[in-house]
Amino acid sequence: MCLAIPSKILKINGPTAEVDIAGNVKEVNIMLTPEAKVGDYVLLHAGYAIQVIDEKSAEEIFDAWEDAHEALQ
Amino acid sequence: MRHSSKKEYARYLLDRLHQEIDRPVTVMEVCGTHTVAIAKSGLRELLPEKMHLLSGPGCPVCVTDDYDLDVVMAMSRQEGLIMATFGDMMRVPGTESSLLQEKSRGADVRVVYSPSDALQLAKENPEVDVVFLGVGFETTTPVVAAAIDQAVQMGLENFSVFSLHKLVPPIMRVLLDDPEVKIDAFLNPGHVCTILGTEPFRFIAEEYGKPCVVTGFEAVDILEALLLIVRQYREESPAVDIQYKRAVRPEGNPVAVGFIEKYFTPVQSRWRGIGEVPGSGLELRDEYVQYDARKRFPITVKPGKCRKGCSCGEVLKGLKLPYECPLFGKVCTPAKPVGPCMVSTEGSCAAYYRYGRQKAGV
Ligand code: SF4
């Protein structure tokens, strides 16, 4: 329930942003991370960015997320 | 870290744990994702005998009370109303039915991935009321608060939230105060702490003298956290440590906390099998009462009878292991769940059923 997925911000349009999640482009809301810039990595939860993280962390969390996601299927 | 080096690192951590543990330690995880990670990795079998892991009330779906669920079902049956919910809630049984059953009988229940999808539904269907079922801990609450903020900006009058939101720190205090529950340390939920940071958990170290470690979701994260706990005990320096530095800063996300505080206020809330806990739930603030589904559609239902033999309450408090429930695996299975702990993929019973059946001999 509290899973969060890392993604990279490609484009910002006001309160929303286009992000790349493992090669898929998706529109998400970035109201909760107003400091996020294009090129930043953010953690996503239920369609909203909840924290800005660094690239290395994003990669590591992504690996863990893939594992967890598999477990929950 | 690559797979092989991860394995080696896990072995190293396990070895350290075996060498360094010098007293029995019972550790509770308060996060369904940890419960699944621990069950899946089979970690329990590899830990030193002195180390016990308990699963706590870490799944927001599982802690939802029957009475609240019955009110949700009754509301979903109202004419001219769309109930929008995360998929996790669809199969959770109230005393009589589930949202899935209500839907099959004609209720307009929609599964959404994000509360912003519910906003969209409200925008597209101005003639009906859209109620978003707000379930979740502090990871999810700011997202719902942000959606309410958007509804306010958009002047959406047909959108409201049925808040079943729960707060993690107050329930940890309840567990610490319960003389039956014996916990020496906590693995803190990683993404709840992404929002809250460490401050709201300091009382655990300072008032109760117990370590807590904010933990990530891989087996090596959990092992690292357990080692930090053992070291905190050895050094007699209980504190709130962050193992999951990748996603958690000590100050959390103050903007997100600000959204929660702007729209919600803490209230007494019912936890399944645990009961009423003061200040452990959230309702809309008076200024935003029009977005509060409970106030907009006041519904009361007759309290239903608790299912006989269901041990969800004891399981949630770590007093019983899932397979100690008389219904586990026999009457209660993921295909035919009796309690929500068996429905949610992150529920303790579902995790044990999935990964621990052989051991339980079921
Ligand atoms: S096995 Fe089923 S009935 Fe027993 S505690 Fe778990 S969810 Fe509840």
# chains A, B, ... in the order shown; residues from 1 in each chain; ligands from 1
$ residues_near_ligand --ligand "ligand 1" --cutoff "9 Å" --atoms "only C-alpha atoms and all ligand atoms" --output "MDAnalysis selection string"
chainID B and resid 62 307:316 320:334 337:343 347:350 353
$ residues_around --residues "Tyr233 of chain B" --least-positions-apart "3" --cutoff "12 Å" --atoms "only C-alpha atoms" --output "MDAnalysis selection string"
chainID B and resid 20:26 184:185 205 209:212 226:230 236:239
$ residues_around --residues "segment 300-305 of chain B" --least-positions-apart "2" --cutoff "10 Å" --atoms "only C-alpha atoms" --output "PyMOL selection string"
chain B and resi 66-68+70-75+94-96+294+297-298+307-308
$ interface_residues --of "chain B" --to "chain A" --cutoff "7 Å" --atoms "only C-alpha atoms" --output "list in words"
Tyr113, Ser114, Thr139, Val143, His191, Phe217, Glu218, Arg246, Ala247, Asn253, Val255, Ala256 and Thr345 of chain B
$ write_last_selection --atoms "N, CA and C atoms" --output "PDB file, in the first residue's frame"
ATOM      1  N   TYR B 113      -6.402   4.472  -9.750  1.00  0.00           N
ATOM      2  CA  TYR B 113      -5.009   4.291  -9.372  1.00  0.00           C
ATOM      3  C   TYR B 113      -4.550   5.469  -8.507  1.00  0.00           C
ATOM      4  N   SER B 114      -5.191   6.623  -8.734  1.00  0.00           N
ATOM      5  CA  SER B 114      -4.777   7.840  -8.032  1.00  0.00           C
ATOM      6  C   SER B 114      -6.015   8.659  -7.678  1.00  0.00           C
ATOM      7  N   THR B 139       1.928   8.036   4.086  1.00  0.00           N
ATOM      8  CA  THR B 139       2.446   8.046   2.717  1.00  0.00           C
ATOM      9  C   THR B 139       1.354   8.529   1.757  1.00  0.00           C
ATOM     10  N   VAL B 143      -1.201  12.840  -0.507  1.00  0.00           N
ATOM     11  CA  VAL B 143      -1.663  12.732  -1.887  1.00  0.00           C
ATOM     12  C   VAL B 143      -3.168  13.047  -1.945  1.00  0.00           C
ATOM     13  N   HIS B 191       8.392   4.527   3.658  1.00  0.00           N
ATOM     14  CA  HIS B 191       7.794   5.634   2.915  1.00  0.00           C
ATOM     15  C   HIS B 191       6.881   6.511   3.774  1.00  0.00           C
ATOM     16  N   PHE B 217      13.238  -1.669   1.794  1.00  0.00           N
ATOM     17  CA  PHE B 217      12.358  -2.799   1.528  1.00  0.00           C
ATOM     18  C   PHE B 217      13.023  -4.041   0.963  1.00  0.00           C
ATOM     19  N   GLU B 218      14.343  -4.068   0.981  1.00  0.00           N
ATOM     20  CA  GLU B 218      15.026  -5.268   0.522  1.00  0.00           C
ATOM     21  C   GLU B 218      15.530  -6.043   1.726  1.00  0.00           C
ATOM     22  N   ARG B 246      18.196   6.468   1.206  1.00  0.00           N
ATOM     23  CA  ARG B 246      17.884   6.723  -0.199  1.00  0.00           C
ATOM     24  C   ARG B 246      16.616   7.550  -0.364  1.00  0.00           C
ATOM     25  N   ALA B 247      15.660   7.359   0.550  1.00  0.00           N
ATOM     26  CA  ALA B 247      14.354   8.009   0.355  1.00  0.00           C
ATOM     27  C   ALA B 247      13.896   8.825   1.553  1.00  0.00           C
ATOM     28  N   ASN B 253       9.154  15.292   4.414  1.00  0.00           N
ATOM     29  CA  ASN B 253       8.738  16.223   3.368  1.00  0.00           C
ATOM     30  C   ASN B 253       7.764  17.236   3.982  1.00  0.00           C
ATOM     31  N   VAL B 255       6.496  19.961   2.978  1.00  0.00           N
ATOM     32  CA  VAL B 255       5.398  20.448   2.119  1.00  0.00           C
ATOM     33  C   VAL B 255       4.220  19.473   2.200  1.00  0.00           C
ATOM     34  N   ALA B 256       4.542  18.182   2.129  1.00  0.00           N
ATOM     35  CA  ALA B 256       3.493  17.160   2.187  1.00  0.00           C
ATOM     36  C   ALA B 256       2.790  17.183   3.539  1.00  0.00           C
ATOM     37  N   THR B 345      -2.769  -7.934  -0.247  1.00  0.00           N
ATOM     38  CA  THR B 345      -1.523  -8.629  -0.544  1.00  0.00           C
ATOM     39  C   THR B 345      -0.479  -8.348   0.528  1.00  0.00           C
TER      40      THR B 345
END
$ select_by_dssp --residues "chain A" --states "helix (DSSP H, G or I)" --output "PyMOL selection string"
chain A and resi 55-72
$ select_by_dssp --residues "chain A" --states "strand (DSSP E)" --output "ChimeraX atom specification"
/A:5-13,16-21,24-29,41-45,48-53
$ write_last_selection --atoms "N, CA, C and O atoms" --output "tab-separated table (two decimals), in the first residue's frame"
chain	number	residue	atom	x	y	z
A	5	ILE	N	7.45	4.39	-6.33
A	5	ILE	CA	8.27	4.04	-7.50
A	5	ILE	C	9.11	5.24	-7.92
A	5	ILE	O	8.59	6.35	-8.05
A	6	PRO	N	10.42	5.03	-8.18
A	6	PRO	CA	11.23	6.15	-8.65
A	6	PRO	C	10.99	6.43	-10.14
A	6	PRO	O	10.71	5.51	-10.90
A	7	SER	N	11.11	7.68	-10.52
A	7	SER	CA	10.94	8.06	-11.92
A	7	SER	C	11.73	9.33	-12.18
A	7	SER	O	12.13	10.03	-11.24
A	8	LYS	N	11.94	9.65	-13.47
A	8	LYS	CA	12.72	10.83	-13.81
A	8	LYS	C	11.81	11.87	-14.47
A	8	LYS	O	11.00	11.53	-15.34
A	9	ILE	N	11.96	13.13	-14.05
A	9	ILE	CA	11.11	14.18	-14.61
A	9	ILE	C	11.63	14.62	-15.98
A	9	ILE	O	12.78	15.01	-16.13
A	10	LEU	N	10.73	14.55	-16.98
A	10	LEU	CA	11.12	14.93	-18.34
A	10	LEU	C	10.68	16.35	-18.67
A	10	LEU	O	11.36	17.07	-19.39
A	11	LYS	N	9.51	16.72	-18.17
A	11	LYS	CA	8.92	18.00	-18.55
A	11	LYS	C	7.99	18.44	-17.43
A	11	LYS	O	7.32	17.60	-16.81
A	12	ILE	N	7.96	19.74	-17.17
A	12	ILE	CA	7.06	20.23	-16.12
A	12	ILE	C	6.01	21.14	-16.74
A	12	ILE	O	6.36	22.05	-17.52
A	13	ASN	N	4.73	20.86	-16.46
A	13	ASN	CA	3.66	21.76	-16.92
A	13	ASN	C	2.86	22.19	-15.70
A	13	ASN	O	1.87	21.56	-15.36
A	16	THR	N	1.73	19.63	-12.88
A	16	THR	CA	1.95	18.26	-13.31
A	16	THR	C	3.29	18.16	-14.05
A	16	THR	O	3.86	19.17	-14.45
A	17	ALA	N	3.73	16.93	-14.20
A	17	ALA	CA	4.99	16.70	-14.90
A	17	ALA	C	4.91	15.40	-15.68
A	17	ALA	O	4.16	14.49	-15.32
A	18	GLU	N	5.67	15.36	-16.78
A	18	GLU	CA	5.83	14.09	-17.49
A	18	GLU	C	7.03	13.41	-16.90
A	18	GLU	O	8.10	14.01	-16.78
A	19	VAL	N	6.85	12.15	-16.54
A	19	VAL	CA	7.99	11.42	-15.98
A	19	VAL	C	8.23	10.14	-16.76
A	19	VAL	O	7.34	9.63	-17.43
A	20	ASP	N	9.44	9.64	-16.63
A	20	ASP	CA	9.82	8.38	-17.25
A	20	ASP	C	9.91	7.34	-16.15
A	20	ASP	O	10.70	7.46	-15.22
A	21	ILE	N	9.05	6.32	-16.24
A	21	ILE	CA	9.14	5.20	-15.30
A	21	ILE	C	9.56	3.99	-16.10
A	21	ILE	O	8.75	3.44	-16.85
A	24	ASN	N	8.49	4.07	-19.63
A	24	ASN	CA	7.12	4.52	-19.91
A	24	ASN	C	6.95	5.96	-19.47
A	24	ASN	O	7.34	6.33	-18.37
A	25	VAL	N	6.33	6.76	-20.36
A	25	VAL	CA	6.09	8.16	-20.00
A	25	VAL	C	4.70	8.28	-19.41
A	25	VAL	O	3.73	7.74	-19.91
A	26	LYS	N	4.64	8.99	-18.28
A	26	LYS	CA	3.37	9.11	-17.58
A	26	LYS	C	3.23	10.53	-17.04
A	26	LYS	O	4.23	11.18	-16.74
A	27	GLU	N	1.99	11.01	-16.92
A	27	GLU	CA	1.80	12.32	-16.32
A	27	GLU	C	1.51	12.15	-14.83
A	27	GLU	O	0.68	11.32	-14.45
A	28	VAL	N	2.22	12.90	-14.01
A	28	VAL	CA	2.01	12.81	-12.56
A	28	VAL	C	1.90	14.21	-11.99
A	28	VAL	O	2.21	15.20	-12.65
A	29	ASN	N	1.47	14.26	-10.75
A	29	ASN	CA	1.32	15.54	-10.07
A	29	ASN	C	2.55	15.82	-9.19
A	29	ASN	O	3.05	14.91	-8.53
A	41	TYR	N	15.05	13.15	-10.08
A	41	TYR	CA	14.34	11.89	-9.83
A	41	TYR	C	13.37	12.10	-8.68
A	41	TYR	O	13.71	12.78	-7.70
A	42	VAL	N	12.17	11.56	-8.82
A	42	VAL	CA	11.20	11.66	-7.73
A	42	VAL	C	10.62	10.29	-7.42
A	42	VAL	O	10.56	9.42	-8.27
A	43	LEU	N	10.18	10.15	-6.16
A	43	LEU	CA	9.47	8.94	-5.75
A	43	LEU	C	7.99	9.18	-5.98
A	43	LEU	O	7.46	10.19	-5.51
A	44	LEU	N	7.33	8.25	-6.66
A	44	LEU	CA	5.90	8.41	-6.95
A	44	LEU	C	5.06	7.51	-6.07
A	44	LEU	O	5.39	6.35	-5.86
A	45	HIS	N	3.96	8.06	-5.60
A	45	HIS	CA	2.99	7.25	-4.87
A	45	HIS	C	1.59	7.68	-5.30
A	45	HIS	O	1.26	8.86	-5.19
A	48	TYR	N	1.32	10.82	-7.51
A	48	TYR	CA	1.90	12.08	-7.04
A	48	TYR	C	3.36	11.85	-6.65
A	48	TYR	O	3.69	10.80	-6.06
A	49	ALA	N	4.22	12.82	-6.96
A	49	ALA	CA	5.60	12.74	-6.49
A	49	ALA	C	5.59	13.07	-5.00
A	49	ALA	O	4.96	14.04	-4.58
A	50	ILE	N	6.27	12.26	-4.19
A	50	ILE	CA	6.27	12.54	-2.75
A	50	ILE	C	7.64	12.93	-2.21
A	50	ILE	O	7.75	13.40	-1.08
A	51	GLN	N	8.70	12.74	-3.01
A	51	GLN	CA	10.03	13.18	-2.55
A	51	GLN	C	10.99	13.21	-3.73
A	51	GLN	O	10.90	12.39	-4.65
A	52	VAL	N	11.90	14.17	-3.69
A	52	VAL	CA	12.98	14.22	-4.68
A	52	VAL	C	14.13	13.38	-4.14
A	52	VAL	O	14.48	13.48	-2.95
A	53	ILE	N	14.69	12.52	-4.99
A	53	ILE	CA	15.79	11.67	-4.55
A	53	ILE	C	16.93	11.77	-5.57
A	53	ILE	O	16.73	12.30	-6.66
$ atom_distance --atom1 "atom CA of Lys166 of chain B" --atom2 "atom CA of Glu138 of chain B"
7.5 Å
